[in-house]
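One file, query-v1.cif, is given below (mmCIF, C-alpha atoms).
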```
data_coords
loop_
_atom_site.label_atom_id
_atom_site.label_comp_id
_atom_site.auth_asym_id
_atom_site.auth_seq_id
_atom_site.Cartn_x
_atom_site.Cartn_y
_atom_site.Cartn_z
CA MET A 30 1.97 -62.04 -40.96
CA PRO A 31 -1.75 -62.01 -40.13
CA ASN A 32 -3.95 -59.61 -42.04
CA MET A 33 -4.64 -56.45 -40.04
CA LEU A 34 -7.96 -54.59 -40.35
CA GLN A 35 -7.25 -51.08 -41.60
CA HIS A 36 -9.55 -48.53 -39.98
CA VAL A 37 -10.81 -45.85 -42.35
CA SER A 38 -12.23 -42.71 -40.79
CA ARG A 39 -14.89 -40.65 -42.53
CA ILE A 40 -15.94 -37.00 -42.14
CA VAL A 41 -19.40 -35.95 -43.32
CA ASP A 42 -19.58 -32.15 -43.42
CA LEU A 43 -23.26 -31.17 -43.70
CA LEU A 44 -22.73 -27.47 -43.01
CA ASP A 45 -23.80 -24.91 -45.61
CA PRO A 46 -20.60 -23.13 -46.70
CA SER A 47 -22.60 -20.23 -48.12
CA SER A 48 -23.72 -19.37 -44.58
CA ASN A 49 -20.20 -18.34 -43.63
CA ARG A 50 -19.69 -14.58 -43.78
CA LEU A 51 -15.96 -13.91 -43.85
CA CYS A 52 -14.66 -10.36 -44.00
CA ASN A 53 -10.88 -10.73 -44.23
CA MET A 54 -10.07 -14.04 -45.89
CA THR A 55 -11.43 -16.76 -48.14
CA LEU A 56 -13.22 -19.85 -46.88
CA GLU A 57 -10.22 -22.04 -47.69
CA GLN A 58 -7.87 -19.70 -45.84
CA ALA A 59 -10.13 -19.84 -42.80
CA ARG A 60 -10.29 -23.63 -42.94
CA GLN A 61 -6.49 -23.76 -43.13
CA ARG A 62 -6.28 -21.80 -39.92
CA VAL A 63 -8.68 -24.20 -38.25
CA VAL A 64 -6.75 -27.27 -39.38
CA GLU A 65 -3.53 -25.74 -38.04
CA GLY A 66 -5.22 -25.32 -34.66
CA ASN A 67 -3.36 -22.15 -33.64
CA PRO A 68 -5.90 -20.26 -31.47
CA ASP A 69 -4.34 -16.85 -32.20
CA ARG A 70 -4.70 -17.37 -35.94
CA ILE A 71 -8.26 -18.66 -35.59
CA ARG A 72 -9.11 -15.55 -33.54
CA GLU A 73 -8.10 -13.48 -36.57
CA ILE A 74 -10.95 -14.94 -38.64
CA ASP A 75 -13.34 -11.99 -38.94
CA GLY A 76 -17.01 -12.77 -39.45
CA SER A 77 -19.60 -15.46 -38.80
CA PHE A 78 -18.42 -19.01 -39.39
CA ALA A 79 -18.78 -22.70 -38.63
CA LEU A 80 -15.79 -24.62 -39.94
CA VAL A 81 -14.53 -28.20 -39.90
CA ALA A 82 -11.11 -29.18 -41.21
CA SER A 83 -8.98 -32.30 -40.94
CA GLU A 84 -5.45 -33.55 -41.29
CA GLY A 85 -4.94 -37.30 -41.07
CA ILE A 86 -7.00 -38.64 -38.18
CA THR A 87 -7.20 -35.23 -36.49
CA VAL A 88 -10.33 -33.14 -37.02
CA ARG A 89 -10.72 -29.59 -35.73
CA LEU A 90 -13.96 -27.64 -35.49
CA ALA A 91 -14.52 -23.97 -34.65
CA ARG A 92 -17.43 -21.59 -34.80
CA SER A 93 -18.51 -18.08 -33.97
CA LEU A 94 -21.13 -17.32 -31.32
CA ASP A 95 -23.91 -16.84 -33.88
CA ARG A 96 -23.42 -20.12 -35.78
CA PRO A 97 -24.63 -23.31 -34.07
CA MET A 98 -22.47 -26.32 -34.89
CA ARG A 99 -23.08 -29.91 -33.82
CA TYR A 100 -21.43 -33.26 -34.38
CA PHE A 101 -22.11 -36.96 -33.89
CA LEU A 102 -19.40 -39.63 -33.81
CA ALA A 103 -20.73 -42.88 -35.26
CA LYS A 104 -19.24 -46.36 -35.08
CA ARG A 105 -18.61 -48.37 -38.24
CA GLN A 106 -16.75 -51.64 -38.72
CA GLU A 107 -14.36 -49.95 -41.10
CA GLY A 108 -13.69 -47.02 -38.74
CA PRO A 109 -15.36 -44.05 -37.06
CA ALA A 110 -17.48 -41.53 -38.94
CA LEU A 111 -17.84 -37.93 -37.79
CA TYR A 112 -21.02 -36.14 -38.90
CA VAL A 113 -21.10 -32.33 -38.57
CA ALA A 114 -24.15 -30.06 -39.08
CA ASP A 115 -25.93 -27.05 -37.64
CA ARG A 116 -28.99 -29.08 -36.59
CA ILE A 117 -29.79 -32.26 -34.71
CA ASP A 118 -32.38 -33.41 -37.27
CA THR A 119 -29.83 -33.00 -40.07
CA LEU A 120 -27.46 -35.34 -38.24
CA HIS A 121 -30.26 -37.85 -37.69
CA LYS A 122 -31.31 -37.87 -41.36
CA ALA A 123 -27.73 -38.36 -42.52
CA LEU A 124 -27.19 -41.25 -40.10
CA ALA A 125 -30.45 -42.83 -41.25
CA ARG A 126 -29.37 -42.58 -44.90
CA ASP A 127 -26.16 -44.40 -44.00
CA GLY A 128 -27.90 -47.11 -42.00
CA LEU A 129 -26.63 -45.81 -38.64
CA ALA A 130 -29.82 -44.41 -37.13
CA SER A 131 -29.90 -47.09 -34.44
CA GLN A 132 -26.92 -45.38 -32.78
CA PHE A 133 -28.66 -42.02 -32.59
CA HIS A 134 -30.26 -40.16 -29.71
CA PRO A 135 -30.47 -36.34 -29.51
CA SER A 136 -28.55 -36.36 -26.25
CA TYR A 137 -25.65 -38.16 -27.95
CA THR A 138 -25.03 -35.20 -30.26
CA ARG A 139 -22.45 -32.63 -29.21
CA MET A 140 -22.43 -28.86 -29.62
CA VAL A 141 -19.15 -27.18 -30.46
CA PRO A 142 -18.92 -24.43 -27.82
CA ALA A 143 -18.47 -20.93 -29.18
CA HIS A 144 -14.98 -19.41 -28.92
CA TYR A 145 -13.22 -22.80 -28.78
CA VAL A 146 -11.45 -24.94 -31.33
CA VAL A 147 -12.42 -28.56 -30.68
CA GLU A 148 -9.93 -31.26 -31.64
CA ILE A 149 -11.16 -34.82 -32.21
CA ALA A 150 -8.97 -37.81 -32.98
CA LEU A 151 -10.71 -40.38 -35.18
CA VAL A 152 -8.92 -43.41 -33.82
CA GLY A 153 -11.87 -45.72 -33.24
CA CYS A 154 -13.03 -47.46 -30.08
CA PRO A 155 -12.49 -46.25 -27.44
CA ASP A 156 -12.92 -42.66 -28.60
CA PRO A 157 -10.72 -40.21 -26.70
CA ASP A 158 -12.26 -37.06 -25.24
CA PRO A 159 -12.14 -33.98 -27.46
CA VAL A 160 -9.52 -31.35 -26.66
CA TYR A 161 -10.86 -27.81 -26.19
CA THR A 162 -8.66 -24.77 -26.81
CA ARG A 163 -10.04 -21.28 -26.31
CA PHE A 164 -9.36 -18.86 -29.18
CA PHE A 165 -11.17 -15.78 -27.83
CA THR A 166 -10.32 -14.40 -24.39
CA PRO A 167 -11.37 -10.77 -23.91
CA MET A 168 -9.67 -8.79 -21.18
CA PRO A 169 -12.03 -7.87 -18.32
CA ASN A 170 -12.13 -4.36 -16.83
CA ALA A 171 -10.03 -2.89 -19.62
CA LEU A 172 -12.08 0.31 -20.01
CA PRO A 173 -12.21 3.40 -17.82
CA ALA A 174 -15.27 3.78 -15.56
CA THR A 175 -16.63 6.57 -17.76
CA LEU A 176 -20.05 5.97 -19.28
CA ASP A 177 -19.54 8.29 -22.26
CA GLU A 178 -16.29 6.55 -23.22
CA ILE A 179 -17.80 3.09 -22.69
CA GLY A 180 -20.87 3.97 -24.74
CA GLN A 181 -18.84 5.37 -27.61
CA GLN A 182 -16.59 2.30 -27.74
CA TYR A 183 -19.46 -0.21 -27.40
CA VAL A 184 -21.79 1.34 -29.99
CA GLY A 185 -18.79 2.23 -32.15
CA ALA A 186 -17.81 -1.45 -32.26
CA MET A 187 -21.40 -2.39 -33.05
CA ALA A 188 -21.53 0.20 -35.85
CA ASN A 189 -18.33 -1.19 -37.32
CA GLU A 190 -19.79 -4.71 -37.38
CA LEU A 191 -23.01 -3.46 -38.99
CA GLU A 192 -20.98 -1.65 -41.63
CA LYS A 193 -19.05 -4.82 -42.46
CA TRP A 194 -22.33 -6.72 -42.71
CA LEU A 195 -23.85 -4.13 -45.06
CA VAL A 196 -20.70 -3.96 -47.18
CA HIS A 197 -20.72 -7.77 -47.44
CA ILE A 198 -24.33 -7.66 -48.66
CA GLU A 199 -23.51 -4.96 -51.22
CA ALA A 200 -20.51 -6.89 -52.51
CA GLY A 201 -22.48 -10.08 -53.12
CA PRO A 202 -25.30 -11.24 -55.37
CA SER A 203 -27.90 -9.72 -53.02
CA ARG A 204 -26.78 -6.14 -53.72
CA ASN A 205 -29.66 -3.65 -53.45
CA GLU A 206 -31.86 -6.14 -51.60
CA PRO A 207 -33.94 -4.83 -48.68
CA ILE A 208 -32.67 -4.80 -45.10
CA GLY A 209 -34.94 -5.69 -42.18
CA VAL A 210 -34.54 -5.32 -38.43
CA ALA A 211 -36.51 -7.46 -35.96
CA PHE A 212 -37.69 -4.56 -33.84
CA SER A 213 -39.45 -3.91 -30.56
CA GLY A 214 -38.31 -0.41 -29.64
CA GLY A 215 -36.24 -1.84 -26.80
CA VAL A 216 -32.64 -0.80 -26.18
CA ASP A 217 -30.96 -3.55 -28.21
CA SER A 218 -33.15 -3.72 -31.31
CA GLY A 219 -33.61 0.05 -31.15
CA ALA A 220 -29.86 0.66 -31.28
CA VAL A 221 -29.45 -1.86 -34.10
CA PHE A 222 -32.11 -0.07 -36.15
CA VAL A 223 -30.78 3.44 -35.50
CA VAL A 224 -27.17 2.51 -36.20
CA THR A 225 -28.17 0.54 -39.32
CA TYR A 226 -30.11 3.55 -40.59
CA HIS A 227 -27.19 5.89 -39.86
CA THR A 228 -24.66 3.53 -41.48
CA MET A 229 -26.73 3.06 -44.62
CA LEU A 230 -26.92 6.82 -45.08
CA ARG A 231 -23.17 7.15 -44.52
CA LEU A 232 -22.45 4.42 -47.09
CA GLY A 233 -24.74 6.02 -49.66
CA MET A 234 -27.30 3.20 -49.48
CA SER A 235 -30.94 4.11 -49.96
CA PRO A 236 -32.78 4.12 -46.61
CA GLY A 237 -35.89 3.14 -48.55
CA ARG A 238 -34.52 -0.41 -48.41
CA LEU A 239 -34.83 -0.48 -44.61
CA LYS A 240 -37.77 -1.67 -42.50
CA ALA A 241 -38.32 -2.20 -38.78
CA PHE A 242 -40.59 -5.21 -38.29
CA VAL A 243 -42.53 -5.43 -35.03
CA LEU A 244 -44.66 -8.46 -34.12
CA ASN A 245 -48.20 -8.02 -32.85
CA LEU A 246 -50.18 -11.09 -31.75
CA GLY A 247 -52.79 -8.99 -29.99
CA ASP A 248 -52.67 -6.63 -26.99
CA GLY A 249 -48.91 -6.85 -26.58
CA PRO A 250 -47.00 -3.73 -25.50
CA ASP A 251 -44.28 -3.80 -28.17
CA VAL A 252 -46.34 -2.22 -30.94
CA GLU A 253 -46.99 0.97 -28.99
CA GLN A 254 -43.40 1.03 -27.79
CA ALA A 255 -42.09 0.63 -31.34
CA ARG A 256 -44.37 3.41 -32.58
CA ALA A 257 -43.26 5.72 -29.79
CA PHE A 258 -39.56 4.95 -30.36
CA LEU A 259 -39.60 5.76 -34.06
CA ALA A 260 -41.98 8.72 -33.70
CA ASP A 261 -39.58 10.26 -31.20
CA LEU A 262 -36.84 10.10 -33.84
CA GLY A 263 -39.05 11.19 -36.73
CA LEU A 264 -38.59 7.80 -38.38
CA SER A 265 -42.12 6.35 -38.16
CA LEU A 266 -42.26 5.63 -41.89
CA PHE A 267 -39.83 2.71 -41.39
CA LEU A 268 -42.13 0.75 -39.08
CA GLU A 269 -44.03 -2.25 -40.40
CA GLU A 270 -46.32 -4.13 -38.06
CA ILE A 271 -46.55 -7.88 -38.55
CA THR A 272 -49.96 -8.80 -37.21
CA GLU A 273 -50.58 -12.48 -36.62
CA SER A 274 -52.98 -14.53 -34.52
CA GLU A 275 -52.01 -16.06 -31.20
CA GLY A 276 -53.59 -19.22 -32.58
CA GLY A 277 -50.51 -19.67 -34.73
CA LEU A 278 -48.35 -20.39 -31.69
CA ASN A 279 -47.54 -24.07 -31.82
CA VAL A 280 -45.32 -25.67 -29.22
CA ASP A 281 -44.72 -28.84 -31.28
CA GLU A 282 -43.52 -26.83 -34.27
CA THR A 283 -41.37 -24.68 -32.01
CA LEU A 284 -39.66 -27.68 -30.42
CA ARG A 285 -38.98 -29.21 -33.84
CA VAL A 286 -37.37 -26.02 -35.10
CA LEU A 287 -35.59 -25.00 -31.89
CA GLU A 288 -34.34 -28.48 -30.90
CA ASP A 289 -34.10 -27.36 -27.27
CA TYR A 290 -36.38 -27.29 -24.25
CA LYS A 291 -35.44 -24.35 -22.03
CA PRO A 292 -38.80 -22.57 -21.45
CA LEU A 293 -37.60 -19.01 -22.08
CA ASP A 294 -35.91 -20.09 -25.30
CA VAL A 295 -39.03 -22.00 -26.37
CA GLU A 296 -41.08 -18.84 -25.83
CA CYS A 297 -38.59 -16.68 -27.70
CA ALA A 298 -38.35 -19.11 -30.63
CA ALA A 299 -42.14 -19.33 -30.86
CA MET A 300 -42.34 -15.55 -31.26
CA GLY A 301 -39.46 -15.59 -33.72
CA LEU A 302 -41.27 -18.14 -35.84
CA GLU A 303 -44.39 -15.97 -35.94
CA LEU A 304 -42.42 -12.87 -36.89
CA CYS A 305 -40.49 -14.68 -39.62
CA ARG A 306 -43.64 -16.38 -40.88
CA GLY A 307 -45.41 -13.04 -41.16
CA ILE A 308 -42.53 -11.33 -42.97
CA ARG A 309 -42.14 -14.25 -45.35
CA ALA A 310 -45.86 -14.23 -46.20
CA ARG A 311 -45.63 -10.58 -47.23
CA TYR A 312 -42.19 -10.66 -48.82
CA PRO A 313 -41.39 -14.02 -50.42
CA GLN A 314 -37.89 -12.90 -51.52
CA TRP A 315 -36.73 -11.05 -48.39
CA ARG A 316 -33.42 -12.38 -47.04
CA HIS A 317 -31.55 -10.05 -44.71
CA LEU A 318 -32.76 -9.63 -41.15
CA ALA A 319 -30.76 -8.04 -38.33
CA ASP A 320 -31.69 -8.41 -34.67
CA GLY A 321 -30.57 -7.41 -31.18
CA ASP A 322 -29.97 -10.83 -29.66
CA GLY A 323 -26.91 -10.84 -27.43
CA GLY A 324 -27.33 -7.30 -26.14
CA ASP A 325 -28.70 -8.45 -22.79
CA GLU A 326 -25.85 -10.93 -22.43
CA ASN A 327 -23.19 -8.33 -23.21
CA LEU A 328 -24.42 -5.79 -20.67
CA LYS A 329 -25.55 -8.40 -18.12
CA ASP A 330 -29.15 -7.22 -18.20
CA TYR A 331 -31.08 -10.30 -17.08
CA PRO A 332 -33.15 -10.52 -13.88
CA ILE A 333 -30.72 -12.19 -11.49
CA GLU A 334 -33.53 -12.91 -9.03
CA GLU A 335 -35.20 -15.23 -11.55
CA ASN A 336 -32.27 -17.66 -11.46
CA PRO A 337 -31.48 -19.11 -8.03
CA GLU A 338 -28.06 -20.26 -9.27
CA LEU A 339 -26.87 -16.68 -9.79
CA THR A 340 -25.69 -13.81 -7.64
CA ILE A 341 -24.58 -10.40 -8.82
CA ARG A 342 -21.00 -11.41 -8.01
CA SER A 343 -21.17 -14.52 -10.18
CA VAL A 344 -22.66 -12.47 -13.03
CA ILE A 345 -20.06 -9.71 -12.84
CA ASP A 346 -16.96 -11.71 -11.91
CA ASN A 347 -17.22 -14.68 -14.32
CA LEU A 348 -15.85 -14.08 -17.83
CA MET A 349 -18.62 -14.16 -20.47
CA LEU A 350 -21.03 -15.96 -18.12
CA TYR A 351 -24.09 -15.03 -20.15
CA GLN A 352 -22.37 -15.75 -23.48
CA GLU A 353 -20.91 -19.15 -22.54
CA GLY A 354 -22.63 -20.32 -19.37
CA TRP A 355 -20.44 -21.80 -16.66
CA GLY A 356 -17.96 -22.83 -19.33
CA VAL A 357 -16.08 -25.79 -20.75
CA GLY A 358 -14.72 -28.11 -18.08
CA ARG A 359 -17.30 -27.09 -15.46
CA ILE A 360 -19.72 -29.62 -13.96
CA LYS A 361 -22.81 -27.78 -15.23
CA HIS A 362 -21.52 -27.36 -18.78
CA SER A 363 -23.73 -29.30 -21.19
CA LEU A 364 -21.86 -31.31 -23.80
CA THR A 365 -25.08 -31.63 -25.80
CA TYR A 366 -25.92 -27.92 -25.79
CA SER A 367 -22.93 -25.95 -24.38
CA GLY A 368 -24.21 -22.98 -22.35
CA GLY A 369 -25.26 -19.34 -22.28
CA LEU A 370 -25.82 -17.65 -25.63
CA SER A 371 -23.58 -20.29 -27.21
CA ARG A 372 -26.56 -22.56 -26.59
CA SER A 373 -29.51 -20.20 -26.78
CA TYR A 374 -28.71 -18.24 -29.95
CA VAL A 375 -30.50 -21.09 -31.71
CA ARG A 376 -33.73 -19.35 -30.56
CA THR A 377 -32.94 -16.64 -33.14
CA TYR A 378 -30.90 -18.59 -35.68
CA ALA A 379 -33.28 -21.52 -36.19
CA PRO A 380 -36.54 -19.60 -36.86
CA GLY A 381 -34.75 -17.36 -39.33
CA ARG A 382 -33.16 -20.25 -41.18
CA HIS A 383 -36.45 -22.15 -41.14
CA PHE A 384 -38.05 -19.38 -43.17
CA GLY A 385 -35.07 -18.71 -45.41
CA PHE A 386 -33.64 -15.58 -43.78
CA SER A 387 -29.99 -14.69 -43.42
CA GLY A 388 -29.78 -13.24 -39.94
CA PHE A 389 -27.21 -11.12 -38.16
CA SER A 390 -26.74 -9.63 -34.72
CA PRO A 391 -23.77 -7.30 -34.21
CA TYR A 392 -23.87 -8.04 -30.49
CA THR A 393 -22.56 -11.57 -31.07
CA GLN A 394 -19.37 -10.43 -32.81
CA PRO A 395 -16.12 -10.73 -30.81
CA ALA A 396 -15.17 -7.07 -31.25
CA VAL A 397 -18.42 -6.04 -29.55
CA VAL A 398 -18.24 -8.72 -26.86
CA GLU A 399 -14.64 -7.68 -26.19
CA VAL A 400 -15.70 -4.10 -25.44
CA ALA A 401 -18.56 -5.35 -23.24
CA GLU A 402 -16.26 -7.60 -21.22
CA GLY A 403 -13.89 -4.66 -20.80
CA ILE A 404 -16.53 -2.65 -18.94
CA PRO A 405 -15.60 -2.32 -15.24
CA PHE A 406 -18.99 -3.47 -13.96
CA ALA A 407 -17.84 -3.87 -10.37
CA ALA A 408 -16.50 -0.32 -10.19
CA LEU A 409 -19.60 1.12 -11.86
CA THR A 410 -22.16 -0.78 -9.78
CA ARG A 411 -20.33 -1.67 -6.55
CA TYR A 412 -22.27 -4.96 -6.88
CA ASP A 413 -25.63 -3.20 -6.55
CA VAL A 414 -28.31 -4.98 -8.61
CA PRO A 415 -30.48 -1.94 -9.52
CA SER A 416 -27.34 -0.08 -10.60
CA LEU A 417 -26.43 -2.98 -12.90
CA TYR A 418 -29.90 -2.98 -14.47
CA ALA A 419 -29.68 0.76 -15.12
CA LEU A 420 -26.35 0.53 -16.94
CA LYS A 421 -27.45 -0.80 -20.32
CA GLY A 422 -29.79 2.03 -21.20
CA GLU A 423 -27.23 4.61 -20.09
CA ILE A 424 -24.36 3.05 -22.02
CA VAL A 425 -26.24 2.41 -25.25
CA GLN A 426 -28.08 5.73 -25.29
CA ARG A 427 -24.81 7.65 -24.81
CA GLY A 428 -23.10 5.54 -27.45
CA VAL A 429 -25.84 6.02 -30.03
CA ARG A 430 -25.71 9.76 -29.42
CA ALA A 431 -21.93 9.79 -29.88
CA ILE A 432 -21.91 7.68 -33.05
CA THR A 433 -25.07 8.88 -34.83
CA GLY A 434 -25.96 12.21 -33.21
CA LEU A 435 -29.47 10.86 -32.54
CA GLU A 436 -31.11 10.84 -29.12
CA MET A 437 -32.45 7.32 -28.78
CA PRO A 438 -35.36 6.88 -26.35
CA VAL A 439 -34.99 4.23 -23.65
CA PHE A 440 -37.96 2.27 -22.30
CA GLU A 441 -38.30 -0.21 -19.47
CA LYS A 442 -36.72 -3.59 -20.19
CA ARG A 443 -38.93 -6.37 -21.50
CA ARG A 444 -38.07 -9.73 -23.04
CA PHE A 445 -38.80 -10.14 -26.76
CA GLN A 446 -41.33 -12.92 -26.13
CA HIS A 447 -43.24 -10.78 -23.64
CA GLY A 448 -43.86 -7.91 -26.01
CA ALA A 449 -46.04 -9.30 -28.78
CA ILE A 450 -48.73 -10.77 -26.55
CA PRO A 451 -49.65 -10.65 -22.85
CA VAL A 452 -47.43 -13.04 -20.91
CA ASP A 453 -50.31 -15.03 -19.40
CA THR A 454 -51.88 -15.53 -22.83
CA MET A 455 -48.58 -16.69 -24.30
CA ARG A 456 -47.95 -19.17 -21.52
CA HIS A 457 -51.49 -20.50 -21.80
CA ARG A 458 -50.82 -21.23 -25.47
CA LEU A 459 -47.33 -22.67 -24.97
CA GLY A 460 -47.75 -23.91 -21.41
CA GLY A 461 -45.27 -26.52 -20.35
CA SER A 462 -42.39 -27.15 -18.00
CA GLU A 463 -38.80 -27.78 -19.00
CA GLN A 464 -39.32 -31.49 -18.29
CA ALA A 465 -42.43 -31.59 -20.48
CA TYR A 466 -40.67 -29.81 -23.34
CA ARG A 467 -37.70 -32.16 -23.04
CA ARG A 468 -39.93 -35.25 -23.20
CA ALA A 469 -41.82 -33.85 -26.19
CA PHE A 470 -38.60 -33.07 -28.05
CA HIS A 471 -37.04 -36.49 -27.39
CA ALA A 472 -40.32 -38.10 -28.46
CA LEU A 473 -39.67 -36.84 -31.98
CA TYR A 474 -36.94 -39.50 -32.23
CA THR A 475 -38.68 -42.49 -30.66
#
```
Step by step, read the file and then write its structure as structure tokens.
Amino acid sequence: MPNMLQHVSRIVDLLDPSSNRLCNMTLEQARQRVVEGNPDRIREIDGSFALVASEGITVRLARSLDRPMRYFLAKRQEGPALYVADRIDTLHKALARDGLASQFHPSYTRMVPAHYVVEIALVGCPDPDPVYTRFFTPMPNALPATLDEIGQQYVGAMANELEKWLVHIEAGPSRNEPIGVAFSGGVDSGAVFVVTYHTMLRLGMSPGRLKAFVLNLGDGPDVEQARAFLADLGLSLFLEEITESEGGLNVDETLRVLEDYKPLDVECAAMGLELCRGIRARYPQWRHLADGDGGDENLKDYPIEENPELTIRSVIDNLMLYQEGWGVGRIKHSLTYSGGLSRSYVRTYAPGRHFGFSGFSPYTQPAVVEVAEGIPFAALTRYDVPSLYALKGEIVQRGVRAITGLEMPVFEKRRFQHGAIPVDTMRHRLGGSEQAYRRAFHALYT
């Protein structure tokens, strides 16, 4: 019989296992659930995770909304090699080390979409398409159209996630370390700070460990808003202003760290880098940093008129549109980036990781998203845009009152990147179109 070439597949897992935060099982137990591929059992994994597991030639990957996870399938004479990491540049460096860099382009990498288990068969050329199986499907319109009840459930779920995060910190080697909140005085970061403060007191943790960090690059409105928010609650002593120069904004650095080119995400990541840089300069050992990213997505609080692809009906009627984009299997779904917050959470994750922070947003956790998707938006708004925009402040303020007893002030909505510096000044420093940012990012690999 002629000799047959035996194909040998290889899996290169470049993910940091210490970044997984699991509340109800060990890492190996979670990986076992992923390798089994049962979506109901994967849904039971509680926490933040990015996991890859294999059995024979079958590889399965799954992640939470707050953990970017990418892969690249390389060709080798002896069989395919699957590289998995949280960053594009990590994949590129690993391929280069193995003499495979000539196969690489950023657009050839693939993002594992949040809330799906992705199954890949390492069978060699031609590679079959991955199989996507959803493991998180919240029920829409499950809540009564009562703002007090909605607020209590939504902020109650957020408080539960913050408690699990704090308990996890206390149970680990970072016990007694300080806790920071990326803060603007807006609805989302404001609620995160107030509920964190309330939960720390309830758990017997010293509130002296807590700080609210607000970024000031000069003449931005967030500093005054943050002062007013905390003064109104009698909590001004927790505010720490991180004052940096607008000259530190660097679009090339931002693109390298972010690895994406959507202008609003570039702006947000640039501000995140400045905030993290400023905190790190003052506190070389600080690790834990909570934020409010995902709050706008949950309560559908983005300006619909700024996106010609959207209508209020598409925003309200499509499951998790802002969390997942148009979704797996849709024409506009990006294989390289996925969509929605599944794609754009990198704007928060990457700057924090770049400066050595362990970040957390309760709004990304399934229990919170599930409550948000259960809100009967159509019944509450009757598809009226101003009514939709008014909902978030009402829901969160009522919920914070119910859970903490504190009356949280609510200010006019403003994006994070528009609060530390006047918008025109920021765009003068970062100025560029999506096409220009894309070219500049791809140029890093030419």
Picked residues, the PyMOL selection byres ((chain A and resi 208) around 7), as an NGL selection string = :A and (206-207 or 209-210 or 238-240 or 317-318)
Counting only C-alpha atoms, which residues sit no farther than 10 Å from the position (-48.3, -11.2, -23.2) in the file's frame? I'd like them as a compact mmCIF listing (two decimals) with C-alpha atoms, in the coordinates of the input.
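Everything below was put into selection.txt:
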```txt
# COMPACT_ATOMS: atom_id res chain seq x y z
CA LEU A 246 -50.18 -11.09 -31.75
CA GLY A 247 -52.79 -8.99 -29.99
CA ASP A 248 -52.67 -6.63 -26.99
CA GLY A 249 -48.91 -6.85 -26.58
CA PRO A 250 -47.00 -3.73 -25.50
CA ASP A 251 -44.28 -3.80 -28.17
CA GLN A 446 -41.33 -12.92 -26.13
CA HIS A 447 -43.24 -10.78 -23.64
CA GLY A 448 -43.86 -7.91 -26.01
CA ALA A 449 -46.04 -9.30 -28.78
CA ILE A 450 -48.73 -10.77 -26.55
CA PRO A 451 -49.65 -10.65 -22.85
CA VAL A 452 -47.43 -13.04 -20.91
CA ASP A 453 -50.31 -15.03 -19.40
CA THR A 454 -51.88 -15.53 -22.83
CA MET A 455 -48.58 -16.69 -24.30
CA ARG A 456 -47.95 -19.17 -21.52
CA HIS A 457 -51.49 -20.50 -21.80
```
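Atom CA of A:Ser462 sits 25.9 Å away from atom CA of A:Ser343.
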task = Please evaluate the PyMOL selection byres ((chain A and resi 141-158) around 6) against the displayed coordinates and give the resulting residues as a list of chain:residue names.
result =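 For this structure, the PyMOL selection byres ((chain A and resi 141-158) around 6) resolves to A:Ile86, A:Thr87, A:Val88, A:Arg89, A:Leu90, A:Ala91, A:Arg92, A:Ser93, A:Leu94, A:Met98, A:Arg99, A:Gly108, A:Pro109, A:Met140, A:Pro159, A:Val160, A:Tyr161, A:Thr162, A:Arg163, A:Phe164, A:Phe165, A:Ser367, A:Ser371.
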Quick one: which residues end up in the PyMOL selection byres ((chain A and resi 45-56) around 12) for this structure, as a short mmCIF file (atom, residue, chain, number, x, y, z; two decimals) with C-alpha atoms, in the frame of the given file?
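File produced: selection-v5.cif:
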```cif
data_model
loop_
_atom_site.label_atom_id
_atom_site.label_comp_id
_atom_site.auth_asym_id
_atom_site.auth_seq_id
_atom_site.Cartn_x
_atom_site.Cartn_y
_atom_site.Cartn_z
CA ASP A 42 -19.58 -32.15 -43.42
CA LEU A 43 -23.26 -31.17 -43.70
CA LEU A 44 -22.73 -27.47 -43.01
CA GLU A 57 -10.22 -22.04 -47.69
CA GLN A 58 -7.87 -19.70 -45.84
CA ALA A 59 -10.13 -19.84 -42.80
CA ARG A 60 -10.29 -23.63 -42.94
CA GLN A 61 -6.49 -23.76 -43.13
CA ARG A 62 -6.28 -21.80 -39.92
CA VAL A 63 -8.68 -24.20 -38.25
CA ARG A 70 -4.70 -17.37 -35.94
CA ILE A 71 -8.26 -18.66 -35.59
CA ARG A 72 -9.11 -15.55 -33.54
CA GLU A 73 -8.10 -13.48 -36.57
CA ILE A 74 -10.95 -14.94 -38.64
CA ASP A 75 -13.34 -11.99 -38.94
CA GLY A 76 -17.01 -12.77 -39.45
CA SER A 77 -19.60 -15.46 -38.80
CA PHE A 78 -18.42 -19.01 -39.39
CA ALA A 79 -18.78 -22.70 -38.63
CA LEU A 80 -15.79 -24.62 -39.94
CA VAL A 81 -14.53 -28.20 -39.90
CA ALA A 82 -11.11 -29.18 -41.21
CA ARG A 92 -17.43 -21.59 -34.80
CA SER A 93 -18.51 -18.08 -33.97
CA ASP A 95 -23.91 -16.84 -33.88
CA ARG A 96 -23.42 -20.12 -35.78
CA PRO A 97 -24.63 -23.31 -34.07
CA MET A 98 -22.47 -26.32 -34.89
CA VAL A 113 -21.10 -32.33 -38.57
CA ALA A 114 -24.15 -30.06 -39.08
CA ASP A 115 -25.93 -27.05 -37.64
CA ARG A 116 -28.99 -29.08 -36.59
CA THR A 119 -29.83 -33.00 -40.07
CA ASN A 189 -18.33 -1.19 -37.32
CA GLU A 190 -19.79 -4.71 -37.38
CA LEU A 191 -23.01 -3.46 -38.99
CA GLU A 192 -20.98 -1.65 -41.63
CA LYS A 193 -19.05 -4.82 -42.46
CA TRP A 194 -22.33 -6.72 -42.71
CA LEU A 195 -23.85 -4.13 -45.06
CA VAL A 196 -20.70 -3.96 -47.18
CA HIS A 197 -20.72 -7.77 -47.44
CA ILE A 198 -24.33 -7.66 -48.66
CA ALA A 200 -20.51 -6.89 -52.51
CA GLY A 201 -22.48 -10.08 -53.12
CA PRO A 202 -25.30 -11.24 -55.37
CA TYR A 378 -30.90 -18.59 -35.68
CA ARG A 382 -33.16 -20.25 -41.18
CA GLY A 385 -35.07 -18.71 -45.41
CA PHE A 386 -33.64 -15.58 -43.78
CA SER A 387 -29.99 -14.69 -43.42
CA GLY A 388 -29.78 -13.24 -39.94
CA PHE A 389 -27.21 -11.12 -38.16
CA GLN A 394 -19.37 -10.43 -32.81
#
```
